[in-house]
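Peer 1: Please read through the structure below; I'll follow up with questions.
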Amino acid sequence: MIRFEDILDKVESYKPDFDEELLQKAYIFSAREHRGQVRSSGEPYLVHPLNVAYILSEMRLDETSIAVGLLHDVLEDTLTTKETLQRMFGEDVAELVDGVTKISKYNFVSREEQQAETFRKMLLAMVSDLRVVLVKLADRLHNMRTLQYLPEERRVAVAKETMEIYAPIANRLGMGRVKHELEDLSFRHLHPREYDELSKAVSEKLAVSGDVVDRIKETLDSKLSDNEIAGDVYGRVKSMHSIWSKLRRQEIDIGQLYDYLAFRIITTSVKDCYACLGIIHQMWRPVPGRIKDYIAMPKPNFYQSLHTTVVAEKGQPFEVQIRTREMDLIAEQGIAAHWKYKEGRVGAHPDDKSFLWLRQLVEWQQEIKDPRVFLNSLKIDLYPDEVYTFTPKGDVFAFPRGATPLDFAYRIHTDVGHRCVGARVNGKLMALRTPLRNGDIVEILTGATQTPSREWLSMVATSRAAHKIRHWLNGEQKNRSIELGRKLVEREAKRYRVQWRKLVAENALDGVLSEYGLAKLDDLYADVGYGKVSPRNLVERFAADNDKEKPHEPPGPIQQAVRRIFPFGSSATIKVKGYDDLMTYLAKCCNPLPGEAIVGYITRGKGVAVHSANCPNIKNLMFNPDREIEVEWADQRQSPQYQVELEVVMDDRQGILARVISAISNLKTNIRQMESRSSEGKATTDLVLEIADLKHLERVTRTIGSLDGVLQVERKYNISRHAIA
Ligand code: MN
């Protein structure tokens, strides 16, 4: 329960010479005007303005803002007029209260129009006097904290509006603390079941891992003092909403939740921030791709911090944010922290960089009449994690950042996705994996014979597209297995002189089907194709005794069949006598190169995998010789690029990596990925290169290996149990 004295104490703590009389007057006036009114919670109405004023004092705002917090509902909910406010509290307070009151009033039909209008008013208010919006945010924050007292329908509507308008605005103004609380509260009311499940899951994890937060915090603390760095370490569980969005984004279910702890180190200098990062990476292994330097590159809302995610001993990952005290204040309070109280109006001063975006927005919005268009252009700025793109007709599609034309194609229609061969982005042809940017106009090109491939899964950012691709691949995988199975059986039948087609026509296989517990012949073929049923055993039972002993030759066992591979990218086709168009693909574990010795392996359901003959997966025990198939390279009519991973070990000294990279690029070779680590005076770099053939690879490895300081160059294979079957 907030008392008026608490507010006075708070304001005094940061502004000792504040105008106490103004606040006294506002408090008494508000109490009198709201007398007899009660909130849905049953509490006296005055509790609400008191809380709003307190939140504003936590933002360390001036006494005018605090007074407005106390008075913000008197125009709307009591008989007070603007003139009265003017007379009693002056022009500023009256205008501000009026501004706050106006924001929530709409006369619009559609939700979209309402939203657009709320945004419009908030923007205009921000430009004329930022304090209107800060009071409005404090008002909304307290309403959200007490939302449980409203009927469900109202609750959902308010939570939705908060999630879509108020949280993004708080974020855009850099007010991290307010934003997180608004999001968490909205999440709780919009998805109560998910919220409960998630909080339960997190507390269970915490119970199991015991005092993990304390342990990590202690380790960080002692490491900082070992290195004589002054810094405070804070540990916490991430906000429910941010955990939840992440789970959804990555399609992880709660059972696999692991990334829920976050630590913050507050240092005294930027130099120490980077030093901390180094110390942390020495202790724990960083998760690739999760190191973010927002100090060198601040977010548009001026947020600055270093982020990294590392994995502790027991496989527990956690995020660490490192920043200075000043950066932390900006991160938590945003614009409210670095905005100076000036006499009179507080708004977009032309010199204030933090308002540049705002002024631009206001300029745009004056030109835009259609609320839909306005909303969409606004969202570009308010939702930095989303990308807004257009069809040539002007329809807007929003995607998570990183989405590609392929996501776009699947958004239009599943079939457009499946048949997508390319895209014209802003009139220019673009590769399917090019990330889309805000404002891109995307036209999808389709081809009649195009079909999805497994590789596409790595090119999409939306779960919708991934789901559709996976669905297609699964169906396709079954079809291929049926095809492969049928061919294997028919071939085997020839050897044993079994008239297979006749058997099929006479339903002579029904007994076999029921024996295997299968419904139809295709299921049997699929099982053969998947490697579950041996075609020989199957056919043999229908063969005459003498044929059983001496199977007919040729065509000989499948092991001796020679297949030609036409390497078109990563999926290739086989052409061989007896087996037209068996599906083949290049194994991901070793990515064999044209020219090197290869072997084929009949997989369970994916066709024939082609491995390098040196691939450790092929050599080791899980390899089943019955499923081996001989393959060879076809003439190359084009030279596609293959991804090859090299591990380069070198002396850990300056400039050496730069020499390696320039040697590679001198060989006109593209580097797809690069990752380095170092220990004990040696640096190891993993490179993923685009290689045309074995000769090309040899040239590259020879050149790198001959560089001064390079100790070893080795091709890497991904050894895994899944690579083969
Ligand atoms: Mn209110």
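Just so we're on the same page: first chain in the structure tokens is A, next is B, and so on; residues restart at 1 for each chain, and ligands are numbered from 1 in the order they show up.
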Throw together the list of residues within 9 Å of ligand 1, counting only C-alpha atoms and all ligand atoms, and drop it here as a JSON list (two decimals) with all heavy atoms, in the first residue's frame.
Peer 2:
```json
[["chain", "number", "residue", "atom", "x", "y", "z"],
["A", 48, "HIS", "N", -5.24, 4.19, -6.83],
["A", 48, "HIS", "CA", -4.69, 4.15, -8.19],
["A", 48, "HIS", "C", -3.81, 5.37, -8.51],
["A", 48, "HIS", "O", -2.63, 5.20, -8.85],
["A", 48, "HIS", "CB", -5.82, 3.97, -9.20],
["A", 48, "HIS", "CG", -5.41, 4.11, -10.63],
["A", 48, "HIS", "ND1", -4.49, 3.25, -11.21],
["A", 48, "HIS", "CD2", -5.76, 5.01, -11.58],
["A", 48, "HIS", "CE1", -4.30, 3.63, -12.48],
["A", 48, "HIS", "NE2", -5.07, 4.69, -12.72],
["A", 49, "PRO", "N", -4.33, 6.61, -8.39],
["A", 49, "PRO", "CA", -3.43, 7.75, -8.66],
["A", 49, "PRO", "C", -2.20, 7.77, -7.76],
["A", 49, "PRO", "O", -1.11, 8.16, -8.21],
["A", 49, "PRO", "CB", -4.31, 8.98, -8.41],
["A", 49, "PRO", "CG", -5.66, 8.51, -8.06],
["A", 49, "PRO", "CD", -5.73, 7.03, -8.19],
["A", 52, "VAL", "N", 0.25, 5.36, -9.35],
["A", 52, "VAL", "CA", 0.79, 5.91, -10.59],
["A", 52, "VAL", "C", 1.85, 6.96, -10.26],
["A", 52, "VAL", "O", 2.94, 6.97, -10.84],
["A", 52, "VAL", "CB", -0.35, 6.49, -11.47],
["A", 52, "VAL", "CG1", 0.23, 7.25, -12.66],
["A", 52, "VAL", "CG2", -1.28, 5.38, -11.93],
["A", 69, "GLY", "N", 0.45, 12.60, -12.29],
["A", 69, "GLY", "CA", 0.13, 11.22, -11.91],
["A", 69, "GLY", "C", -1.01, 11.19, -10.90],
["A", 69, "GLY", "O", -1.94, 10.40, -11.00],
["A", 72, "HIS", "N", -4.26, 12.40, -12.83],
["A", 72, "HIS", "CA", -4.46, 12.01, -14.23],
["A", 72, "HIS", "C", -5.87, 11.55, -14.57],
["A", 72, "HIS", "O", -6.26, 11.59, -15.73],
["A", 72, "HIS", "CB", -3.44, 10.95, -14.65],
["A", 72, "HIS", "CG", -3.75, 9.56, -14.19],
["A", 72, "HIS", "ND1", -3.37, 9.09, -12.97],
["A", 72, "HIS", "CD2", -4.44, 8.56, -14.78],
["A", 72, "HIS", "CE1", -3.80, 7.84, -12.83],
["A", 72, "HIS", "NE2", -4.46, 7.50, -13.92],
["A", 73, "ASP", "N", -6.65, 11.12, -13.58],
["A", 73, "ASP", "CA", -7.99, 10.62, -13.90],
["A", 73, "ASP", "C", -9.11, 11.60, -13.55],
["A", 73, "ASP", "O", -10.28, 11.27, -13.74],
["A", 73, "ASP", "CB", -8.24, 9.28, -13.19],
["A", 73, "ASP", "CG", -7.72, 8.10, -14.01],
["A", 73, "ASP", "OD1", -7.64, 8.23, -15.25],
["A", 73, "ASP", "OD2", -7.39, 7.06, -13.41],
["A", 100, "VAL", "N", -3.15, 13.13, -21.25],
["A", 100, "VAL", "CA", -3.27, 11.74, -20.78],
["A", 100, "VAL", "C", -4.70, 11.26, -20.99],
["A", 100, "VAL", "O", -4.95, 10.14, -21.44],
["A", 100, "VAL", "CB", -2.88, 11.63, -19.29],
["A", 100, "VAL", "CG1", -3.13, 10.22, -18.78],
["A", 100, "VAL", "CG2", -1.44, 12.04, -19.09],
["A", 101, "THR", "N", -5.66, 12.13, -20.69],
["A", 101, "THR", "CA", -7.08, 11.76, -20.81],
["A", 101, "THR", "C", -7.44, 11.45, -22.25],
["A", 101, "THR", "O", -8.16, 10.50, -22.53],
["A", 101, "THR", "CB", -7.96, 12.91, -20.30],
["A", 101, "THR", "OG1", -7.49, 13.29, -19.01],
["A", 101, "THR", "CG2", -9.42, 12.48, -20.21],
["A", 136, "LYS", "N", 1.13, 8.07, -18.92],
["A", 136, "LYS", "CA", 0.26, 7.06, -19.48],
["A", 136, "LYS", "C", 0.84, 5.66, -19.26],
["A", 136, "LYS", "O", 0.11, 4.72, -18.94],
["A", 136, "LYS", "CB", 0.07, 7.34, -20.99],
["A", 136, "LYS", "CG", -1.00, 6.56, -21.65],
["A", 136, "LYS", "CD", -2.39, 6.93, -21.14],
["A", 136, "LYS", "CE", -3.33, 5.75, -21.31],
["A", 136, "LYS", "NZ", -4.61, 5.93, -20.62],
["A", 138, "ALA", "N", 2.86, 4.76, -16.82],
["A", 138, "ALA", "CA", 2.75, 4.45, -15.40],
["A", 138, "ALA", "C", 1.31, 4.05, -15.07],
["A", 138, "ALA", "O", 1.06, 3.10, -14.32],
["A", 138, "ALA", "CB", 3.17, 5.66, -14.57],
["A", 139, "ASP", "N", 0.37, 4.77, -15.67],
["A", 139, "ASP", "CA", -1.06, 4.46, -15.49],
["A", 139, "ASP", "C", -1.34, 3.04, -15.95],
["A", 139, "ASP", "O", -1.95, 2.23, -15.25],
["A", 139, "ASP", "CB", -1.86, 5.48, -16.32],
["A", 139, "ASP", "CG", -3.36, 5.21, -16.29],
["A", 139, "ASP", "OD1", -3.86, 4.79, -15.23],
["A", 139, "ASP", "OD2", -4.02, 5.44, -17.33],
["A", 140, "ARG", "N", -0.85, 2.71, -17.14],
["A", 140, "ARG", "CA", -1.11, 1.38, -17.68],
["A", 140, "ARG", "C", -0.42, 0.30, -16.84],
["A", 140, "ARG", "O", -0.96, -0.77, -16.61],
["A", 140, "ARG", "CB", -0.62, 1.32, -19.14],
["A", 140, "ARG", "CG", -0.82, -0.02, -19.81],
["A", 140, "ARG", "CD", -2.23, -0.54, -19.67],
["A", 140, "ARG", "NE", -3.26, 0.27, -20.25],
["A", 140, "ARG", "CZ", -3.90, 0.00, -21.39],
["A", 140, "ARG", "NH1", -3.60, -1.08, -22.06],
["A", 140, "ARG", "NH2", -4.84, 0.80, -21.84],
["A", 142, "HIS", "N", 0.18, 0.33, -13.60],
["A", 142, "HIS", "CA", -0.58, 0.02, -12.39],
["A", 142, "HIS", "C", -1.89, -0.70, -12.73],
["A", 142, "HIS", "O", -2.30, -1.63, -12.03],
["A", 142, "HIS", "CB", -0.87, 1.27, -11.56],
["A", 142, "HIS", "CG", -1.59, 0.93, -10.27],
["A", 142, "HIS", "ND1", -2.87, 1.34, -10.00],
["A", 142, "HIS", "CD2", -1.19, 0.15, -9.22],
["A", 142, "HIS", "CE1", -3.23, 0.84, -8.81],
["A", 142, "HIS", "NE2", -2.24, 0.13, -8.32],
["A", 143, "ASN", "N", -2.53, -0.31, -13.83],
["A", 143, "ASN", "CA", -3.76, -1.02, -14.23],
["A", 143, "ASN", "C", -3.46, -2.48, -14.54],
["A", 143, "ASN", "O", -4.25, -3.35, -14.22],
["A", 143, "ASN", "CB", -4.39, -0.35, -15.46],
["A", 143, "ASN", "CG", -5.11, 0.94, -15.08],
["A", 143, "ASN", "OD1", -5.53, 1.11, -13.94],
["A", 143, "ASN", "ND2", -5.23, 1.85, -16.03]]
```
Peer 1: Give me the residues within 7 Å of Val539 (chain A) as a ChimeraX atom specification, counting only C-alpha atoms and dropping any in the same chain fewer than 4 places off.
Peer 2: /A:492-493,535,543
Peer 1: Can you write out the residues you just picked, keeping all heavy atoms, as a short mmCIF file (atom, residue, chain, number, x, y, z; two decimals), in the first residue's frame?
Peer 2:
```
data_model
loop_
_atom_site.label_atom_id
_atom_site.label_comp_id
_atom_site.auth_asym_id
_atom_site.auth_seq_id
_atom_site.Cartn_x
_atom_site.Cartn_y
_atom_site.Cartn_z
N GLU A 492 14.93 -58.39 -57.20
CA GLU A 492 15.17 -59.66 -56.53
C GLU A 492 14.30 -60.76 -57.15
O GLU A 492 14.74 -61.89 -57.34
CB GLU A 492 14.86 -59.48 -55.03
CG GLU A 492 15.71 -60.27 -54.08
CD GLU A 492 17.22 -60.03 -54.21
OE1 GLU A 492 17.63 -58.97 -54.71
OE2 GLU A 492 17.99 -60.93 -53.84
N ALA A 493 13.07 -60.40 -57.48
CA ALA A 493 12.14 -61.36 -58.08
C ALA A 493 12.69 -61.89 -59.40
O ALA A 493 12.58 -63.08 -59.69
CB ALA A 493 10.77 -60.70 -58.29
N PRO A 535 14.49 -57.85 -49.00
CA PRO A 535 13.79 -58.22 -50.23
C PRO A 535 14.07 -59.68 -50.58
O PRO A 535 13.19 -60.37 -51.10
CB PRO A 535 14.37 -57.26 -51.28
CG PRO A 535 15.62 -56.73 -50.69
CD PRO A 535 15.46 -56.77 -49.21
N ALA A 543 9.83 -68.55 -54.45
CA ALA A 543 10.67 -69.09 -55.51
C ALA A 543 10.64 -70.61 -55.53
O ALA A 543 10.39 -71.25 -54.49
CB ALA A 543 12.11 -68.60 -55.32
#
```
Peer 1: Nearest to Cys615 (chain A) among A:Ile280, A:Leu257, A:Ile598, A:Leu8, with distances taken over only C-alpha atoms: which residue is it?
Peer 2: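 Closest residue, counting only C-alpha atoms: A:Ile598.
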Peer 1: Write down as a VMD selection string the residues of region 83-324 of chain A whose backbone DSSP state falls under helix (DSSP H, G or I).
Peer 2: chain A and resid 83 to 103 111 to 128 130 to 145 147 to 149 152 to 172 176 to 190 192 to 209 212 to 226 240 to 249 254 to 256 270 to 283
Peer 1: Name the closest residue to Tyr585 (chain A) among the candidates A:Arg454, A:Gly709, A:Gly475, A:Arg433; distances are taken between atoms, counting only C-alpha atoms.
Peer 2: A:Arg454
Peer 1: I'd like the contact shell of Glu43 (chain A) - 12 Å cut-off, only C-alpha atoms, skipping same-chain residues fewer than 4 positions apart - returned as a ChimeraX atom specification.
Peer 2: /A:1,34-39,47-48,146,149
Peer 1: Leaving out Ile266 (chain A) and any residue of its chain fewer than 5 positions from it, which residues lie within 6 Å of it when counting only C-alpha atoms, given as a list in words?
Peer 2: Gly231, Asp232, Arg323, Thr324 and Arg325 of chain A
Peer 1: Quick one: residues within 8 Å of Arg285 (chain A), only C-alpha atoms counted, chain neighbours fewer than 2 positions away excluded, as a short mmCIF file (atom, residue, chain, number, x, y, z; two decimals) with C-alpha atoms, in the first residue's frame?
Peer 2:
```cif
data_model
loop_
_atom_site.label_atom_id
_atom_site.label_comp_id
_atom_site.auth_asym_id
_atom_site.auth_seq_id
_atom_site.Cartn_x
_atom_site.Cartn_y
_atom_site.Cartn_z
CA HIS A 281 34.92 -16.94 -21.89
CA GLN A 282 38.04 -18.31 -20.28
CA MET A 283 35.97 -20.00 -17.61
CA VAL A 287 27.55 -20.55 -27.24
CA VAL A 310 27.96 -19.64 -21.85
CA VAL A 311 27.62 -23.23 -20.75
CA ALA A 312 28.52 -24.14 -17.17
#
```
Peer 1: Write out as an MDAnalysis selection string the residues lying within 8 Å of region 151-160 of chain A, counting only C-alpha atoms and excluding same-chain residues fewer than 3 positions away.
Peer 2: chainID A and resid 144 147:148 163:164 185:187 189:190
Peer 1: Set the distance at 9 Å and use only C-alpha atoms: which residues neighbour region 448-451 of chain A once local chain neighbours fewer than 6 positions away are removed? I'd like the list as a list of chain:residue names.
Peer 2: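 Within the cut-off, the hits are A:Gly417, A:His418, A:Arg419, A:Cys420, A:Val421, A:Trp472.
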Peer 1: So which one's closest to Val213 (chain A), A:Arg264, A:Arg172, A:Lys10, A:Arg249? Using only C-alpha atoms, please.
Peer 2: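 Once distances to Val213 (chain A) are computed over only C-alpha atoms, the minimum belongs to A:Arg264.
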Peer 1: I'd like the interatomic distance between CA of Ala431 (chain A) and CA of Val460 (chain A), to a tenth of an Å.
Peer 2: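 Those two atoms sit 12.5 Å apart.
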